[in-house]
Amino acid sequence: MDRETVPLAQRRSFLFIIVGAVGVVLGALTAWPIWKFLAPGKTAGKLEKISVARGEVGVGKAHFFNFHGRPAVVLQLKPGDFSAFSAVCTHLGCIVKWVVEKQEFLCPCHAGRYSAEGAVLSGPPPKPLESLPVAVEGDQVLIG
Amino acid sequence: MIWQIKPVGLVLGVGLLLAGSISPAAAQDESKPAETVCIQCHGSQPGRLGEPVKQWRQSIHAANGISCHDCHGGDPTDFAMAMSPERGFLGAPEAVGIPDFCGRCHVGVKEDYLASRHGQALGAGGPHCVTCHGNHAIVKASLDLINQQDCTRCHEFGRAQTIKEAMSETDQRLTGLTTDLAELHKVGIAVDELEGTTFALRNDFHRLFHSVDVEQVRQQTSQFQSRAAEIGGKIEKIQEELHQRKLWGALAATLLFFASALFFLIRKTYQDEEQS
Amino acid sequence: MPLRKKIMDFIDARLGMRDILEQNLTKYLLPKNVNAWYTLGAVLLTLFTIQFVTGILLLIHYVPDTKEAFQSVQQVTNEVPFGWLIRDLHAVGSNLTVATLLLHMLSVMFMGSYKRPRELTWISGFLLFNLALGLCLTGYLLPWSQLSFWATTVATDAAGAVPVVGDALVRFMRGGAMVGEETLGRFFALHVMVLPLVLGMLIGFHLFCVRRVGISKPPFGDDYQPPVIHETFHHEEHPGGIPFFPNYAIKDLAVICGFLGLLVVMVFFFPNLFIPPTAFEPADPFTTPEHIKPEWYFLWAYQALKVFPSEVIGLAVQGAFMTFLALLPFIDRGEERRPARRPIFVACYVLGILVFVAISIWGHYS
C-alpha cells in the first residue's frame, strides 16, 4: 500500500509545482497588458512643438512644413497674426494648396475650398481643416 | 396552477423575447434621402433622355453621392426650376467647354491637361475628358483607359504604350498599397491617415498622365516611388506588429492548454485516491 | 505563530470563517459520479468576470456620445497600449459566454436538474440567460459603427410587430422614432450599470439556490435511485462523496483553463469571426450596408420572423417557445431524471437542438 500512495503524493506535488510555474507566467502575461493599459505613457499629451522661422512666412502667404509626419501649413494673414492648420484635406486626404490671390485654400483633387480660418467654403470636404495651436516666440513661430 | 402562471409567463416571455427578436423587414426608407427630381423624371424616360441615368448609376460618381446637379447645376428638389439658369443650370457643355466643366472639381487634372499636347489640341480635333472617360458612365481611373482601341482613334499606339509602360510599375505599387491598407482596415487598424496619403499620392500620379509627357513621367517616377516606399514601410511595420501579437497569443494559448492538461492529471491523482 | 494563522484566527473568532470555509470547500461533498458538465458554472463565473474587468477598462476610454463614440473606440484599439487586446477579449468573450450559457442550459435540461425542488434555480438561470442576451444587444450599439447602428435598428424594429402597442414599444426602446443619441444614452446606462447590477444579484441568488438545495446527482449509473420528493425544505446531501475542494475544484480549474485557451485562440487568430468589416465604419444613418445580420445567437429569431407569414405570428411563436422554456419545470413534472427513461423529452430536446442549428444556418445564408 505504501509503495503506491507515496508516488501518488509525490506525483501530485510535482504536478502542482509545474502548474504553479505555468500559473505565474500566465499571471505575468495577464498583469503586464493591464498595467500598460492603465499606466500613463511618458509622452501622453505632450508632442514637441515644431518651430518655423518667422521670416519664412510672408504676410498673406502660407508656409507648408512637416508636423510630426503630417503635412501642415502656417499662415500670416496680417503682420504678427499667425495661424496653423493641418494641410490634409478632410475629404479624401489630398494636400491643399494656398491661393494667395483669394486668400483661401484649394484642394486640387476635387476643388474643396477652405477659408483662411480653415472653414469649409465649398466642395466636398465634410469638416474644417484641423487647427493647430500657434505661439510666437521672438523670431520663431511655434506650432503644436 | 399552470393556468395561473401562463398569463404572467406569456407577458414575461414576450417581454424577454423582445430582447432577442430581430426583424429584417423594416429598415425603413425614411432614413434615405429622397431621389433628386432629375432622376425621378429622366430615370423613367426612354431613349436618349433616359440613357444617362442608367449609365450614371454604375459610375464612380454615383457611388460617391455625386448626382446630376453637382455637375449640371439646377435645382434637384424643385421640378419646375430643376433646369432653370436662375438656379445655376448649365446644360450639357460644348466640346471646348468640357475641360472647364469637369475642371470645376478636378482642378489639378484640368491644369495639367490644358498645358499638355492634348489640351492644346482642344477644339482642333484633340481629345477632351469625355473622349477617354465618358460622360456619365465614368469608372474609377486606371491605366486600362490607355488602350489600343481608344488611343488609336487619333494616332498610333506606340507613344501611348510608352507612357503606359512608364507608369505601370508605379501604378501597380500604388494599387498594392491600397489593397494592403484595405486589409488592415478590415481588421480594425486605424489607417485612415495612411489611406488618405495613398489616395493623394495616387491622385497626383494619375494627374501626371494628363501632361502626356513621357519624360516628365519618367523624371517624377522616382519621387513617386520613394513616397510609395515610405507608405509601404509604415504598412510593413504594422503587419510586423500584427505578426508579433499572434506569436504571443500562441504562447498564451499553449500555456493555458498545458495548464489545463496538468490540472486534469492532478485530478486523476485524486480520482485514483477516491477509487481505492 | 505564522502571520496567516494569526489573521485567520482573528477573522474566525469574529465571523466563524473557518466553519464557512469548511462547509463550502473541504466538507462540501459532491456525488462521486459528478461529471465535467458540472464545471460550466465555474467557467461562466470566470467568463463573466473577464467581461466585467475588460468592460471597466474599456469604460475608462469610451465616450457615450454619437459624435465621439466611434472615435473613442478607435482610440482604444489603436493608441492605448494593449487596448486592442482588451476590446477583442470583450467582444469575442461575449460570444464565448453565450455559447457556454447554451451548453450549461442544455446539460441541465438533459440531466433533468431543473425539476423539483430546483425550479427557482432554473427560472433564475433562464432570466440570467435573457439578461446576458440583453447585455449583448445593448453592448452591440455602443461602438456606434455601421454594424452597431443598423443591427440595432433591425433588432428594435421587431418590437413593432407586437399588436396595439408595437410602435410605442419601439419608440420607448429607442428613446425616439429612430436609433440615435437617445438610444445610445439609454443603451449605455443599461449595459454599464443596470444589467450588470441585476445580473450580479441574480447570479448571487442562483448560486444561493444551488448551494441551499444541494447539488443534484447525475442521473446515470446502475445504482441511480430517483430522489425522494419532500414536501418541506430538504437539503440534498451526498455522504461518502468527494470533497469539492480540492478534488473537484481542480477539475473546475482544468476546464476553465481549457475555455480560456479557446478564448485566447479566438482573440489572437480569429477575432474577425465575430467582428465583420462593417464594425469598422462609423455609423451613417443614410446608408444601409448590405447583408446586415444579427449575431449568430439571434439568427434563430431573425429567421423565425421571416419564415412565418405575418410578423405577429412569428413573434408569438417565439414568445411561446421562450415561455415554454421558462416554465419547463412546471410543464415537465415527472420525477424521472434519467434520459434513457424520458424518451419524449429527449426526442423533443434533440429535435429542438437540430431545429435551432438548422434555422440559424438558414438565417445566416438567407
# chains A, B, ... in the order shown; residues from 1 in each chain; ligands from 1
call {"tool": "residues_around", "arguments": {"residues": "Leu299 in chain C", "least_positions_apart": "5", "cutoff": "8 Å", "atoms": "only C-alpha atoms", "output": "mmCIF file with C-alpha atoms, in the first residue's frame"}}
result
data_model
loop_
_atom_site.group_PDB
_atom_site.id
_atom_site.type_symbol
_atom_site.label_atom_id
_atom_site.label_comp_id
_atom_site.auth_asym_id
_atom_site.auth_seq_id
_atom_site.Cartn_x
_atom_site.Cartn_y
_atom_site.Cartn_z
ATOM 1 C CA ILE B 22 -34.856 40.594 -34.893
ATOM 2 C CA LYS C 293 -27.393 40.281 -39.959
ATOM 3 C CA PRO C 294 -27.676 39.843 -36.219
ATOM 4 C CA ILE C 359 -32.757 27.673 -38.600
ATOM 5 C CA SER C 360 -29.652 29.554 -37.520
ATOM 6 C CA ILE C 361 -27.710 28.292 -40.533
ATOM 7 C CA GLY C 363 -30.712 32.613 -41.208
ATOM 8 C CA HIS C 364 -27.025 33.026 -41.949
#
call {"tool": "residues_around", "arguments": {"residues": "range 76-88 of chain A", "least_positions_apart": "5", "cutoff": "10 Å", "atoms": "only C-alpha atoms", "output": "number ranges by chain"}}
result
A: 54, 56-67, 70-71, 93-98, 103, 105, 107, 116-118, 128-136, 141-144; B: 193, 196-197, 200
call {"tool": "write_last_selection", "arguments": {"atoms": "N, CA and C atoms", "output": "compact mmCIF listing (two decimals), in the first residue's frame"}}
result
# COMPACT_ATOMS: atom_id res chain seq x y z
N ARG A 54 10.13 82.98 -38.44
CA ARG A 54 9.14 84.00 -38.84
C ARG A 54 9.29 84.42 -40.28
N GLU A 56 10.09 82.93 -42.81
CA GLU A 56 9.65 82.05 -43.90
C GLU A 56 8.19 82.25 -44.26
N VAL A 57 7.44 82.92 -43.35
CA VAL A 57 6.01 83.07 -43.61
C VAL A 57 5.72 84.51 -43.96
N GLY A 58 5.58 84.79 -45.26
CA GLY A 58 5.29 86.17 -45.68
C GLY A 58 3.87 86.57 -45.27
N VAL A 59 3.63 87.90 -45.25
CA VAL A 59 2.28 88.36 -44.91
C VAL A 59 1.34 87.97 -46.04
N GLY A 60 0.22 87.35 -45.69
CA GLY A 60 -0.73 86.91 -46.71
C GLY A 60 -0.26 85.64 -47.40
N LYS A 61 0.87 85.08 -46.90
CA LYS A 61 1.39 83.88 -47.55
C LYS A 61 1.35 82.69 -46.60
N ALA A 62 1.52 81.50 -47.18
CA ALA A 62 1.49 80.29 -46.38
C ALA A 62 2.79 79.53 -46.53
N HIS A 63 3.20 78.88 -45.43
CA HIS A 63 4.41 78.06 -45.48
C HIS A 63 4.03 76.64 -45.09
N PHE A 64 4.33 75.71 -45.99
CA PHE A 64 3.99 74.31 -45.70
C PHE A 64 5.18 73.62 -45.04
N PHE A 65 4.92 72.79 -44.05
CA PHE A 65 6.01 72.09 -43.36
C PHE A 65 5.51 70.74 -42.85
N ASN A 66 6.43 69.99 -42.27
CA ASN A 66 6.12 68.65 -41.79
C ASN A 66 5.85 68.70 -40.29
N PHE A 67 4.65 68.32 -39.87
CA PHE A 67 4.30 68.35 -38.46
C PHE A 67 4.16 66.91 -37.96
N ARG A 70 2.96 64.64 -40.51
CA ARG A 70 1.79 65.06 -41.29
C ARG A 70 2.07 66.41 -41.95
N PRO A 71 1.55 66.59 -43.16
CA PRO A 71 1.72 67.90 -43.79
C PRO A 71 0.89 68.95 -43.05
N GLY A 93 -8.13 63.23 -48.26
CA GLY A 93 -6.74 63.14 -47.83
C GLY A 93 -5.71 63.82 -48.70
N CYS A 94 -6.11 64.48 -49.77
CA CYS A 94 -5.11 65.19 -50.58
C CYS A 94 -4.58 66.41 -49.83
N ILE A 95 -3.46 66.96 -50.30
CA ILE A 95 -2.86 68.12 -49.65
C ILE A 95 -3.38 69.39 -50.30
N VAL A 96 -3.87 70.31 -49.47
CA VAL A 96 -4.46 71.54 -50.01
C VAL A 96 -3.37 72.51 -50.44
N LYS A 97 -3.75 73.43 -51.31
CA LYS A 97 -2.84 74.50 -51.75
C LYS A 97 -3.38 75.83 -51.27
N TRP A 98 -2.46 76.80 -51.08
CA TRP A 98 -2.88 78.14 -50.65
C TRP A 98 -2.97 79.04 -51.86
N GLN A 103 -6.72 84.42 -50.93
CA GLN A 103 -6.50 84.20 -49.50
C GLN A 103 -7.37 83.05 -49.00
N PHE A 105 -7.74 78.36 -49.15
CA PHE A 105 -7.13 77.08 -49.51
C PHE A 105 -7.95 76.43 -50.60
N CYS A 107 -8.22 72.59 -52.67
CA CYS A 107 -7.70 71.23 -52.80
C CYS A 107 -7.75 70.84 -54.27
N ALA A 116 -9.45 81.21 -44.90
CA ALA A 116 -8.17 81.38 -44.22
C ALA A 116 -8.24 80.93 -42.76
N GLU A 117 -9.46 80.73 -42.26
CA GLU A 117 -9.63 80.22 -40.89
C GLU A 117 -9.85 78.71 -40.90
N GLY A 118 -9.74 78.10 -42.09
CA GLY A 118 -9.88 76.64 -42.16
C GLY A 118 -11.30 76.15 -42.34
N PRO A 128 -13.97 71.18 -41.26
CA PRO A 128 -12.94 72.19 -41.49
C PRO A 128 -11.55 71.59 -41.32
N LEU A 129 -10.53 72.34 -41.76
CA LEU A 129 -9.16 71.89 -41.57
C LEU A 129 -8.85 71.88 -40.07
N GLU A 130 -8.12 70.85 -39.64
CA GLU A 130 -7.79 70.78 -38.22
C GLU A 130 -6.86 71.93 -37.85
N SER A 131 -7.27 72.65 -36.80
CA SER A 131 -6.47 73.81 -36.40
C SER A 131 -5.37 73.37 -35.44
N LEU A 132 -4.18 73.96 -35.56
CA LEU A 132 -3.08 73.63 -34.68
C LEU A 132 -2.74 74.85 -33.83
N PRO A 133 -2.41 74.64 -32.55
CA PRO A 133 -2.11 75.81 -31.70
C PRO A 133 -0.79 76.45 -32.11
N VAL A 134 -0.78 77.79 -32.07
CA VAL A 134 0.40 78.55 -32.50
C VAL A 134 0.83 79.52 -31.42
N ALA A 135 2.13 79.63 -31.22
CA ALA A 135 2.64 80.66 -30.29
C ALA A 135 3.85 81.29 -30.97
N VAL A 136 4.04 82.59 -30.71
CA VAL A 136 5.19 83.28 -31.31
C VAL A 136 6.21 83.56 -30.23
N VAL A 141 8.15 80.89 -34.86
CA VAL A 141 6.74 80.57 -34.68
C VAL A 141 6.66 79.12 -34.24
N LEU A 142 6.06 78.89 -33.06
CA LEU A 142 5.99 77.51 -32.53
C LEU A 142 4.60 76.94 -32.77
N ILE A 143 4.58 75.78 -33.41
CA ILE A 143 3.29 75.16 -33.69
C ILE A 143 3.17 73.85 -32.92
N GLY A 144 2.04 73.64 -32.27
CA GLY A 144 1.80 72.38 -31.57
C GLY A 144 1.49 72.58 -30.10
N GLU B 193 -5.44 57.85 -42.00
CA GLU B 193 -4.45 58.83 -42.46
C GLU B 193 -3.62 58.26 -43.61
N GLY B 196 -5.55 58.12 -46.70
CA GLY B 196 -5.63 59.45 -47.30
C GLY B 196 -4.36 59.80 -48.05
N THR B 197 -3.22 59.53 -47.43
CA THR B 197 -1.95 59.83 -48.09
C THR B 197 -1.80 59.04 -49.37
N ALA B 200 -4.04 60.50 -51.99
CA ALA B 200 -3.45 61.74 -52.53
C ALA B 200 -2.34 61.40 -53.51
call {"tool": "residues_around", "arguments": {"residues": "Leu202 in chain C", "least_positions_apart": "2", "cutoff": "12 Å", "atoms": "only C-alpha atoms", "output": "PyMOL selection string"}}
result
chain C and resi 120-132+195-200+204-209
call {"tool": "write_last_selection", "arguments": {"atoms": "C-alpha atoms", "output": "PDB file, in the first residue's frame"}}
result
ATOM      1  CA  LEU C 120     -36.234  28.513  -8.782  1.00  0.00           C
ATOM      2  CA  THR C 121     -32.680  27.763  -9.823  1.00  0.00           C
ATOM      3  CA  TRP C 122     -33.961  27.121 -13.343  1.00  0.00           C
ATOM      4  CA  ILE C 123     -36.080  30.271 -13.521  1.00  0.00           C
ATOM      5  CA  SER C 124     -33.254  32.466 -12.222  1.00  0.00           C
ATOM      6  CA  GLY C 125     -30.985  30.785 -14.766  1.00  0.00           C
ATOM      7  CA  PHE C 126     -33.452  31.479 -17.561  1.00  0.00           C
ATOM      8  CA  LEU C 127     -33.615  35.122 -16.522  1.00  0.00           C
ATOM      9  CA  LEU C 128     -29.813  35.247 -16.408  1.00  0.00           C
ATOM     10  CA  PHE C 129     -29.690  33.938 -19.959  1.00  0.00           C
ATOM     11  CA  ASN C 130     -32.030  36.684 -21.128  1.00  0.00           C
ATOM     12  CA  LEU C 131     -30.057  39.304 -19.218  1.00  0.00           C
ATOM     13  CA  ALA C 132     -26.908  38.105 -20.943  1.00  0.00           C
ATOM     14  CA  LEU C 195     -27.959  44.977 -16.498  1.00  0.00           C
ATOM     15  CA  PRO C 196     -24.645  44.144 -14.763  1.00  0.00           C
ATOM     16  CA  LEU C 197     -26.191  45.027 -11.403  1.00  0.00           C
ATOM     17  CA  VAL C 198     -29.242  42.837 -11.941  1.00  0.00           C
ATOM     18  CA  LEU C 199     -27.056  40.112 -13.447  1.00  0.00           C
ATOM     19  CA  GLY C 200     -24.770  40.187 -10.400  1.00  0.00           C
ATOM     20  CA  GLY C 204     -25.855  35.533  -6.316  1.00  0.00           C
ATOM     21  CA  PHE C 205     -29.402  34.238  -5.962  1.00  0.00           C
ATOM     22  CA  HIS C 206     -28.763  31.465  -8.480  1.00  0.00           C
ATOM     23  CA  LEU C 207     -25.663  30.281  -6.590  1.00  0.00           C
ATOM     24  CA  PHE C 208     -27.518  30.537  -3.293  1.00  0.00           C
ATOM     25  CA  CYS C 209     -30.248  28.269  -4.690  1.00  0.00           C
TER      26      CYS C 209
END
call {"tool": "interface_residues", "arguments": {"of": "chain A", "to": "chain C", "cutoff": "7 Å", "atoms": "only C-alpha atoms", "output": "list in words"}}
result
Pro33, Lys36 and Phe37 of chain A
call {"tool": "write_last_selection", "arguments": {"atoms": "C-alpha atoms", "output": "PDB file, in the first residue's frame"}}
result
ATOM      1  CA  PRO A  33      -1.029  44.326 -20.569  1.00  0.00           C
ATOM      2  CA  LYS A  36       0.482  49.108 -19.604  1.00  0.00           C
ATOM      3  CA  PHE A  37      -3.132  49.829 -20.435  1.00  0.00           C
TER       4      PHE A  37
END
call {"tool": "residues_around", "arguments": {"residues": "Asp139 in chain A", "least_positions_apart": "5", "cutoff": "9 Å", "atoms": "only C-alpha atoms", "output": "PyMOL selection string"}}
result
chain A and resi 52-55
call {"tool": "interface_residues", "arguments": {"of": "chain B", "to": "chain A", "cutoff": "8 Å", "atoms": "only C-alpha atoms", "output": "MDAnalysis selection string"}}
result
chainID B and resid 104:109 193 195:197 199:201 203 252 255:256 259 262:263 265:266 269
call {"tool": "write_last_selection", "arguments": {"atoms": "N, CA and C atoms", "output": "mmCIF file, in the first residue's frame"}}
result
data_model
loop_
_atom_site.group_PDB
_atom_site.id
_atom_site.type_symbol
_atom_site.label_atom_id
_atom_site.label_comp_id
_atom_site.auth_asym_id
_atom_site.auth_seq_id
_atom_site.Cartn_x
_atom_site.Cartn_y
_atom_site.Cartn_z
ATOM 1 N N ARG B 104 -14.188 72.092 -62.793
ATOM 2 C CA ARG B 104 -14.718 72.801 -61.620
ATOM 3 C C ARG B 104 -14.410 72.029 -60.348
ATOM 4 N N CYS B 105 -14.380 70.688 -60.460
ATOM 5 C CA CYS B 105 -13.972 69.868 -59.321
ATOM 6 C C CYS B 105 -12.564 69.340 -59.497
ATOM 7 N N HIS B 106 -12.275 68.822 -60.673
ATOM 8 C CA HIS B 106 -10.981 68.183 -60.899
ATOM 9 C C HIS B 106 -9.963 69.220 -61.357
ATOM 10 N N VAL B 107 -9.654 70.095 -60.387
ATOM 11 C CA VAL B 107 -8.813 71.261 -60.657
ATOM 12 C C VAL B 107 -7.426 70.900 -61.157
ATOM 13 N N GLY B 108 -6.769 69.995 -60.426
ATOM 14 C CA GLY B 108 -5.389 69.656 -60.753
ATOM 15 C C GLY B 108 -5.266 69.035 -62.120
ATOM 16 N N VAL B 109 -6.187 68.130 -62.415
ATOM 17 C CA VAL B 109 -6.153 67.447 -63.708
ATOM 18 C C VAL B 109 -6.323 68.444 -64.837
ATOM 19 N N GLU B 193 -5.440 57.854 -41.999
ATOM 20 C CA GLU B 193 -4.447 58.828 -42.463
ATOM 21 C C GLU B 193 -3.622 58.255 -43.609
ATOM 22 N N GLU B 195 -4.470 55.866 -45.586
ATOM 23 C CA GLU B 195 -5.319 55.711 -46.765
ATOM 24 C C GLU B 195 -5.439 57.044 -47.484
ATOM 25 N N GLY B 196 -5.553 58.125 -46.703
ATOM 26 C CA GLY B 196 -5.628 59.454 -47.298
ATOM 27 C C GLY B 196 -4.358 59.795 -48.054
ATOM 28 N N THR B 197 -3.224 59.526 -47.432
ATOM 29 C CA THR B 197 -1.947 59.830 -48.086
ATOM 30 C C THR B 197 -1.804 59.035 -49.374
ATOM 31 N N PHE B 199 -4.232 57.842 -51.206
ATOM 32 C CA PHE B 199 -5.176 58.372 -52.174
ATOM 33 C C PHE B 199 -4.611 59.622 -52.825
ATOM 34 N N ALA B 200 -4.038 60.504 -51.994
ATOM 35 C CA ALA B 200 -3.453 61.737 -52.531
ATOM 36 C C ALA B 200 -2.340 61.402 -53.511
ATOM 37 N N LEU B 201 -1.520 60.437 -53.143
ATOM 38 C CA LEU B 201 -0.405 60.044 -53.995
ATOM 39 C C LEU B 201 -0.908 59.503 -55.329
ATOM 40 N N ASN B 203 -3.738 60.099 -56.726
ATOM 41 C CA ASN B 203 -4.324 61.190 -57.495
ATOM 42 C C ASN B 203 -3.253 62.012 -58.192
ATOM 43 N N ALA B 252 0.494 32.183 -25.111
ATOM 44 C CA ALA B 252 -0.504 32.191 -24.040
ATOM 45 C C ALA B 252 -1.452 31.008 -24.171
ATOM 46 N N LEU B 255 0.266 27.767 -23.147
ATOM 47 C CA LEU B 255 0.399 27.662 -21.701
ATOM 48 C C LEU B 255 -0.927 27.300 -21.045
ATOM 49 N N LEU B 256 -2.009 27.900 -21.539
ATOM 50 C CA LEU B 256 -3.314 27.612 -20.950
ATOM 51 C C LEU B 256 -3.712 26.161 -21.174
ATOM 52 N N ALA B 259 -1.642 24.066 -18.914
ATOM 53 C CA ALA B 259 -2.143 24.135 -17.539
ATOM 54 C C ALA B 259 -3.379 23.260 -17.392
ATOM 55 N N LEU B 262 -2.349 19.718 -17.165
ATOM 56 C CA LEU B 262 -1.749 19.454 -15.847
ATOM 57 C C LEU B 262 -2.833 19.291 -14.788
ATOM 58 N N PHE B 263 -3.819 20.189 -14.820
ATOM 59 C CA PHE B 263 -4.903 20.086 -13.849
ATOM 60 C C PHE B 263 -5.645 18.769 -13.994
ATOM 61 N N LEU B 265 -4.377 16.013 -14.993
ATOM 62 C CA LEU B 265 -3.515 14.972 -14.420
ATOM 63 C C LEU B 265 -3.593 14.978 -12.904
ATOM 64 N N ILE B 266 -3.625 16.185 -12.319
ATOM 65 C CA ILE B 266 -3.727 16.278 -10.863
ATOM 66 C C ILE B 266 -5.059 15.696 -10.408
ATOM 67 N N THR B 269 -4.947 12.104 -10.040
ATOM 68 C CA THR B 269 -4.346 11.561 -8.816
ATOM 69 C C THR B 269 -5.393 11.523 -7.705
#
call {"tool": "select_by_dssp", "arguments": {"residues": "range 62-107 of chain C", "states": "alpha helix (DSSP H)", "output": "count of residues only"}}
result
35
call {"tool": "interface_residues", "arguments": {"of": "chain C", "to": "chain B", "cutoff": "6 Å", "atoms": "only C-alpha atoms", "output": "PyMOL selection string"}}
result
chain C and resi 134+154-155+158+250+254+257-258+261+264+268+277+280+286+301-302+319+322-323
call {"tool": "write_last_selection", "arguments": {"atoms": "N, CA and C atoms", "output": "CSV table (one decimal), in the first residue's frame"}}
result
chain,number,residue,atom,x,y,z
C,134,GLY,N,-29.5,40.5,-23.3
C,134,GLY,CA,-29.8,41.9,-23.3
C,134,GLY,C,-28.4,42.7,-23.2
C,154,VAL,N,-32.6,47.1,-36.9
C,154,VAL,CA,-33.3,45.9,-37.2
C,154,VAL,C,-33.9,45.2,-36.0
C,155,ALA,N,-33.0,45.2,-34.9
C,155,ALA,CA,-33.5,44.5,-33.7
C,155,ALA,C,-34.6,45.2,-33.1
C,158,ALA,N,-38.3,44.9,-34.6
C,158,ALA,CA,-39.1,43.7,-34.4
C,158,ALA,C,-40.2,43.9,-33.4
C,250,ILE,N,-10.2,21.3,-8.6
C,250,ILE,CA,-9.1,21.1,-9.6
C,250,ILE,C,-9.7,20.9,-11.0
C,254,ALA,N,-9.3,22.9,-14.4
C,254,ALA,CA,-8.8,22.3,-15.7
C,254,ALA,C,-9.7,22.8,-16.8
C,257,CYS,N,-9.3,26.5,-17.6
C,257,CYS,CA,-8.1,26.8,-18.5
C,257,CYS,C,-8.3,26.4,-19.9
C,258,GLY,N,-9.0,25.3,-20.1
C,258,GLY,CA,-9.4,24.9,-21.5
C,258,GLY,C,-10.2,26.0,-22.2
C,261,GLY,N,-8.1,29.0,-22.9
C,261,GLY,CA,-7.2,28.7,-24.1
C,261,GLY,C,-8.0,28.9,-25.4
C,264,VAL,N,-8.4,32.6,-26.0
C,264,VAL,CA,-7.2,33.2,-26.5
C,264,VAL,C,-6.9,32.9,-28.0
C,268,PHE,N,-6.7,35.9,-30.7
C,268,PHE,CA,-5.5,36.2,-31.5
C,268,PHE,C,-5.5,35.7,-32.9
C,277,PRO,N,-16.3,43.6,-41.2
C,277,PRO,CA,-15.7,44.9,-41.6
C,277,PRO,C,-16.7,46.0,-41.3
C,280,PHE,N,-16.1,48.5,-38.5
C,280,PHE,CA,-15.0,49.5,-38.5
C,280,PHE,C,-15.4,50.7,-39.4
C,286,PHE,N,-27.8,57.3,-43.2
C,286,PHE,CA,-28.4,57.4,-44.5
C,286,PHE,C,-28.0,56.3,-45.5
C,301,ALA,N,-34.0,33.8,-34.1
C,301,ALA,CA,-35.2,34.7,-34.0
C,301,ALA,C,-35.4,35.4,-35.3
C,302,TYR,N,-34.3,35.9,-35.9
C,302,TYR,CA,-34.3,36.6,-37.1
C,302,TYR,C,-35.0,35.8,-38.2
C,319,GLY,N,-42.4,33.9,-28.7
C,319,GLY,CA,-42.8,34.1,-27.3
C,319,GLY,C,-43.2,32.9,-26.6
C,322,MET,N,-40.2,30.7,-25.8
C,322,MET,CA,-39.4,31.1,-24.7
C,322,MET,C,-40.2,30.9,-23.4
C,323,THR,N,-41.5,31.1,-23.5
C,323,THR,CA,-42.4,30.9,-22.3
C,323,THR,C,-42.3,29.4,-21.9
call {"tool": "select_by_dssp", "arguments": {"residues": "range 76-105 of chain A", "states": "strand (DSSP E)", "output": "PyMOL selection string"}}
result
chain A and resi 76-78+81-86+97-99+104-105
